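input.txt (compact mmCIF, C-alpha atoms) appears below.
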# COMPACT_ATOMS: atom_id res chain seq x y z
CA MET C 1 8.48 7.92 -7.75
CA THR C 2 8.33 6.15 -11.05
CA ASP C 3 11.14 6.06 -13.55
CA GLN C 4 9.81 8.53 -16.06
CA PRO C 5 7.81 11.71 -15.48
CA GLU C 6 4.44 11.97 -17.08
CA PRO C 7 4.18 14.33 -20.04
CA VAL C 8 3.65 17.90 -18.91
CA ARG C 9 0.67 19.83 -20.26
CA GLU C 10 1.25 23.29 -18.82
CA THR C 11 2.15 24.94 -22.10
CA THR C 12 -1.24 26.61 -22.51
CA ASP C 13 -3.21 28.94 -20.29
CA PRO C 14 -4.89 27.44 -17.20
CA ASP C 15 -8.27 27.34 -18.91
CA GLY C 16 -6.75 25.41 -21.77
CA SER C 17 -6.99 28.23 -24.29
CA HIS C 18 -4.19 29.90 -26.20
CA ALA C 19 -4.98 33.45 -25.12
CA GLY C 20 -1.81 35.19 -26.29
CA THR C 21 -0.10 35.46 -29.61
CA ALA C 22 1.75 32.50 -31.02
CA THR C 23 5.09 33.76 -29.69
CA GLU C 24 3.83 34.77 -26.23
CA VAL C 25 4.57 32.10 -23.65
CA ARG C 26 3.39 32.67 -20.09
CA PRO C 27 4.27 30.61 -17.03
CA PRO C 28 1.40 28.36 -15.90
CA ALA C 29 -0.83 29.41 -13.03
CA ARG C 30 -0.34 27.63 -9.73
CA PRO C 31 -2.54 24.50 -9.73
CA ARG C 32 -5.66 24.68 -7.61
CA TRP C 33 -4.78 21.53 -5.65
CA VAL C 34 -1.58 23.22 -4.40
CA ILE C 35 -3.53 26.19 -3.05
CA TRP C 36 -6.09 23.97 -1.32
CA LEU C 37 -3.38 21.73 0.14
CA VAL C 38 -1.45 24.70 1.53
CA ILE C 39 -4.67 26.15 3.03
CA GLY C 40 -5.51 22.74 4.52
CA ILE C 41 -2.06 22.33 6.06
CA ALA C 42 -2.15 25.89 7.46
CA VAL C 43 -5.59 25.28 9.04
CA ALA C 44 -4.44 21.91 10.44
CA VAL C 45 -1.34 23.52 11.97
CA LEU C 46 -3.46 26.25 13.59
CA VAL C 47 -5.91 23.67 14.96
CA LEU C 48 -3.05 21.53 16.30
CA ILE C 49 -1.44 24.54 17.98
CA GLY C 50 -4.82 25.44 19.51
CA VAL C 51 -5.40 21.90 20.79
CA HIS C 52 -1.85 21.74 22.08
CA LEU C 53 -2.29 24.98 24.02
CA LEU C 54 -5.67 23.87 25.36
CA MET C 55 -4.28 20.51 26.49
CA GLY C 56 -1.16 21.65 28.27
CA GLY C 57 -0.13 25.09 27.24
CA GLY C 58 3.07 23.84 25.66
CA GLY C 59 4.32 21.99 28.70
CA GLY C 60 5.76 18.87 27.07
CA PRO C 61 6.92 15.71 28.81
CA ALA C 62 10.41 17.19 29.07
CA ASN C 63 9.01 19.77 31.43
CA HIS C 64 7.73 17.09 33.79
CA THR C 65 10.77 16.40 35.91
CA PRO C 66 10.87 13.06 37.72
CA GLY C 67 9.10 13.27 41.00
CA MET C 68 7.14 16.31 39.95
CA SER C 69 3.81 14.56 40.16
CA HIS C 70 2.89 11.96 42.73
CA ALA C 71 -0.81 12.16 42.23
CA GLY C 72 -1.36 8.39 42.07
CA MET P 1 22.77 14.02 -13.44
CA THR P 2 20.27 11.28 -14.26
CA MET P 3 21.04 7.92 -12.68
CA PRO P 4 21.27 4.83 -14.88
CA PRO P 5 18.11 2.65 -14.67
CA PRO P 6 19.54 -0.11 -12.42
CA VAL P 7 20.82 2.45 -9.88
CA ARG P 8 17.55 4.36 -10.12
CA ARG P 9 15.54 1.22 -9.42
CA PHE P 10 17.77 0.29 -6.49
CA MET P 11 17.44 3.78 -4.99
CA LEU P 12 13.67 3.67 -5.50
CA THR P 13 13.55 0.35 -3.64
CA VAL P 14 15.57 1.79 -0.75
CA HIS P 15 13.38 4.90 -0.68
CA ILE P 16 10.12 2.94 -0.58
CA THR P 17 11.50 0.55 2.05
CA THR P 18 12.62 3.34 4.37
CA SER P 19 9.47 5.42 3.85
CA VAL P 20 7.10 2.52 4.50
CA GLY P 21 9.34 1.45 7.40
CA TRP P 22 9.02 4.96 8.85
CA LEU P 23 5.23 4.73 8.73
CA GLY P 24 5.36 1.23 10.28
CA ALA P 25 7.65 2.41 13.08
CA ILE P 26 5.23 5.27 13.84
CA ALA P 27 2.40 2.73 13.93
CA ALA P 28 4.40 0.70 16.49
CA TYR P 29 4.98 3.90 18.48
CA ILE P 30 1.26 4.66 18.47
CA ALA P 31 0.58 1.07 19.58
CA LEU P 32 2.90 1.61 22.56
CA ASN P 33 0.99 4.78 23.39
CA VAL P 34 -2.30 2.93 23.73
CA PRO P 35 -1.42 1.09 26.99
CA ALA P 36 0.49 4.17 28.17
CA VAL P 37 -2.73 6.16 27.97
CA THR P 38 -5.40 3.57 28.78
CA SER P 39 -3.84 1.07 31.20
CA THR P 40 -4.32 1.38 34.95
CA ASP P 41 -1.48 -1.02 35.70
CA PRO P 42 1.61 1.07 36.60
CA GLN P 43 4.03 -1.64 35.38
CA THR P 44 2.37 -1.78 31.96
CA VAL P 45 2.42 2.00 31.63
CA ARG P 46 6.05 2.12 32.76
CA ALA P 47 7.05 -0.58 30.26
CA ALA P 48 5.27 1.24 27.44
CA TYR P 49 7.08 4.52 28.17
CA LEU P 50 10.42 2.74 28.45
CA MET P 51 9.97 1.05 25.07
CA MET P 52 8.99 4.27 23.29
CA GLU P 53 12.55 5.57 23.44
CA PRO P 54 14.31 2.69 21.58
CA VAL P 55 11.50 2.59 19.00
CA LEU P 56 12.08 6.28 18.36
CA VAL P 57 15.89 6.30 18.54
CA TYR P 58 16.61 3.06 16.65
CA GLY P 59 13.52 2.88 14.46
CA ILE P 60 11.70 6.09 13.63
CA VAL P 61 14.58 8.59 13.51
CA PRO P 62 17.04 6.55 11.34
CA LEU P 63 14.24 5.61 8.96
CA ALA P 64 13.10 9.26 8.75
CA VAL P 65 16.60 10.49 7.90
CA LEU P 66 17.12 7.68 5.37
CA SER P 67 13.74 8.36 3.78
CA LEU P 68 14.56 12.06 3.44
CA VAL P 69 18.04 11.45 2.01
CA THR P 70 16.97 8.74 -0.44
CA GLY P 71 14.03 10.90 -1.52
CA ILE P 72 16.37 13.79 -2.35
CA VAL P 73 18.77 11.46 -4.20
CA GLN P 74 15.87 9.93 -6.09
CA ALA P 75 14.54 13.36 -7.11
CA LEU P 76 17.93 14.69 -8.19
CA GLY P 77 18.83 11.51 -10.06
CA THR P 78 15.67 11.37 -12.16
CA PRO P 79 14.00 13.76 -14.63
CA TRP P 80 11.55 14.75 -11.87
CA GLY P 81 14.10 17.03 -10.21
CA LEU P 82 13.80 18.50 -6.73
CA PHE P 83 12.13 21.85 -7.47
CA ARG P 84 10.41 21.29 -10.83
CA HIS P 85 7.09 19.81 -9.72
CA TYR P 86 4.87 21.04 -6.89
CA TRP P 87 4.23 17.55 -5.58
CA VAL P 88 7.98 16.93 -5.15
CA VAL P 89 8.56 20.31 -3.46
CA ILE P 90 5.65 19.82 -1.03
CA SER P 91 6.76 16.26 -0.25
CA LEU P 92 10.28 17.51 0.44
CA ILE P 93 9.09 20.33 2.72
CA LEU P 94 6.73 18.10 4.73
CA THR P 95 9.30 15.30 5.09
CA ALA P 96 12.05 17.72 6.11
CA VAL P 97 9.81 19.51 8.65
CA ALA P 98 8.61 16.16 10.05
CA THR P 99 12.22 14.97 10.44
CA VAL P 100 13.32 18.18 12.19
CA VAL P 101 10.32 18.12 14.56
CA LEU P 102 10.99 14.44 15.23
CA ILE P 103 14.64 15.03 16.12
CA GLY P 104 13.62 17.95 18.34
CA HIS P 105 11.04 15.73 20.06
CA MET P 106 13.65 13.10 21.03
CA ARG P 107 14.50 15.14 24.12
CA ASP P 108 10.89 14.88 25.36
CA VAL P 109 10.73 11.14 24.80
CA HIS P 110 14.06 10.68 26.55
CA ALA P 111 12.64 12.62 29.53
CA LEU P 112 9.54 10.38 29.53
CA ALA P 113 11.70 7.24 29.51
CA ALA P 114 13.88 8.60 32.31
CA MET P 115 10.76 9.34 34.33
CA ALA P 116 9.43 5.82 33.71
CA ALA P 117 12.76 4.33 34.80
CA ASP P 118 12.42 5.97 38.18
CA PRO P 119 10.45 3.53 40.40
CA THR P 120 9.45 6.30 42.78
CA VAL P 121 7.50 8.17 40.11
CA ASP P 122 3.87 7.36 39.33
CA VAL P 123 3.75 7.25 35.54
CA ARG P 124 -0.02 6.97 35.15
CA ASP P 125 -2.06 9.87 33.81
CA ARG P 126 0.87 11.30 31.87
CA GLY P 127 -1.20 11.44 28.72
CA GLY P 128 1.24 9.46 26.58
CA ASP P 129 2.64 10.87 23.36
CA LEU P 130 -0.34 10.32 21.09
CA PHE P 131 -0.54 13.95 20.02
CA HIS P 132 2.85 13.98 18.29
CA SER P 133 2.67 10.43 16.95
CA ILE P 134 -0.77 10.77 15.34
CA GLY P 135 0.12 14.25 14.07
CA GLY P 136 3.31 12.86 12.53
CA LEU P 137 1.43 10.00 10.92
CA ILE P 138 -1.09 12.39 9.35
CA VAL P 139 1.71 14.65 8.07
CA LEU P 140 3.44 11.66 6.44
CA LEU P 141 0.26 10.49 4.73
CA ILE P 142 0.30 13.66 2.59
CA PRO P 143 3.68 12.90 0.92
CA LEU P 144 2.51 9.30 0.53
CA TRP P 145 -0.56 10.50 -1.35
CA LEU P 146 1.51 12.95 -3.43
CA ASN P 147 4.05 10.24 -4.31
CA MET P 148 1.36 7.80 -5.37
CA TYR P 149 -0.81 10.18 -7.43
CA LYS P 150 1.82 12.70 -8.60
CA PRO P 151 -0.69 15.50 -9.28
CA ARG P 152 0.26 17.71 -12.20
CA GLY P 153 1.75 21.14 -11.72
CA LEU P 154 5.07 22.63 -12.74
CA THR P 155 6.78 25.20 -10.55
CA ARG P 156 8.02 28.39 -12.24
CA TYR P 157 11.53 26.96 -12.10
CA GLY P 158 10.35 23.70 -13.65
CA TRP P 159 8.47 25.60 -16.33
CA ARG P 160 11.55 27.70 -17.22
CA ARG P 161 13.65 24.52 -17.43
CA GLN P 162 11.05 22.98 -19.71
CA GLN P 163 11.00 26.07 -21.95
CA ARG P 164 14.79 26.10 -22.16
CA ALA P 165 14.85 22.41 -23.03
CA LYS P 166 12.22 22.97 -25.73
CA THR P 167 14.17 25.91 -27.20
CA ALA P 168 17.36 23.86 -27.20
CA HIS P 169 15.55 20.95 -28.81
CA HIS P 170 14.05 23.19 -31.53
CA GLY P 171 17.43 24.79 -32.10
CA THR P 172 19.05 21.39 -32.56
CA ALA P 173 16.26 20.28 -34.89
CA SER P 174 16.61 23.46 -37.01
CA ASP P 175 20.38 23.01 -37.17
CA SER P 176 20.05 19.44 -38.35
CA ARG P 177 17.46 20.48 -40.97
CA ALA P 178 19.77 23.25 -42.19
CA ARG P 179 22.67 20.82 -42.41
CA THR P 180 20.52 18.38 -44.39
CA GLU P 181 19.59 21.13 -46.86
CA VAL P 182 23.21 22.24 -47.27
CA PHE P 183 24.55 18.77 -47.80
Could I get this structure in the form of structure tokens?
Amino acid sequence: MTDQPEPVRETTDPDGSHAGTATEVRPPARPRWVIWLVIGIAVAVLVLIGVHLLMGGGGGPANHTPGMSHAG
Amino acid sequence: MTMPPPVRRFMLTVHITTSVGWLGAIAAYIALNVPAVTSTDPQTVRAAYLMMEPVLVYGIVPLAVLSLVTGIVQALGTPWGLFRHYWVVISLILTAVATVVLIGHMRDVHALAAMAADPTVDVRDRGGDLFHSIGGLIVLLIPLWLNMYKPRGLTRYGWRRQQRAKTAHHGTASDSRARTEVF
């Protein structure tokens, strides 16, 4: 983080136009990068869960008790 | 509750140090996973698993907690705030989730180390802990990117705060103009 925030430009509509009257002030739309980031994280989480289940079905190292496997 | 500039700079230094240290500790953890996964020498694999635990307990976890705490302090003590900008909120959520998952994962790593300490157990073909460590590294690269680029975007809360501040500022300006006209 830097010391000072950058100036904020969300006082107009998302397309940059002043659609309403002069006194009408609407909250800004959610930025597109936020939506894409959330979608990306959600997809990544689903993929990771899928891979995790495919690899071991959720059986983590804690479930391998000492002496459980003597395959070597 | 804005911090004075010297304190702010000090806190920023601590935050960067702990955050970069966290990433570095994860890199060391991944490096330990490489021989654990690839080596055919049981002693090497055993040593790698044994060393993972202290790296996690004395390196990764303390740095993660410090990074989270200093990040929150830094946000609250600067005009950025904790819930005003999307990039800060997302960084906070990802860092907090990563820290919680990490603390929950300590039990698994402890079990791996205990297994490796037992000379009767064959530790080869255990698969290491690459899945969690690489996943954690990827998760932490997102807050890093957000902190470096600070993409624009006010939350509704941040926007309301901004509107209130503007109204207050205009009110103060009008008052001072009125006073100037009267006097």
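Between CA of Ala25 in chain P and CA of Trp87 in chain P the separation is 24.3 Å.
Taking CA of Ser19 in chain P and CA of Trp80 in chain P as the two end points, the separation is 18.4 Å.
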Give me, as a PyMOL selection string, the contact residues of chain P against chain C at a cut-off of 7 Å, counting all atoms listed in the file. chain P and resi 79-80+107-108+111-112+115+121-122+147+153+156+159
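One distance worth recording is that between CA of Ile93 in chain P and CA of Thr78 in chain P, which is 18.6 Å.
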Restricting the calculation to all atoms listed in the file, which member of P:Met11, P:Ile134, P:Ala113, P:Leu94 is positioned closest to Ala64 in chain P?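 Answer, going by the shortest atom-to-atom distance: P:Leu94.
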Might you pull out every residue within 8 Å of Val123 in chain P, with all atoms listed in the file counted and same-chain residues fewer than 4 positions away left off, and present them as a PyMOL selection string? chain P and resi 42+45-46+115-116
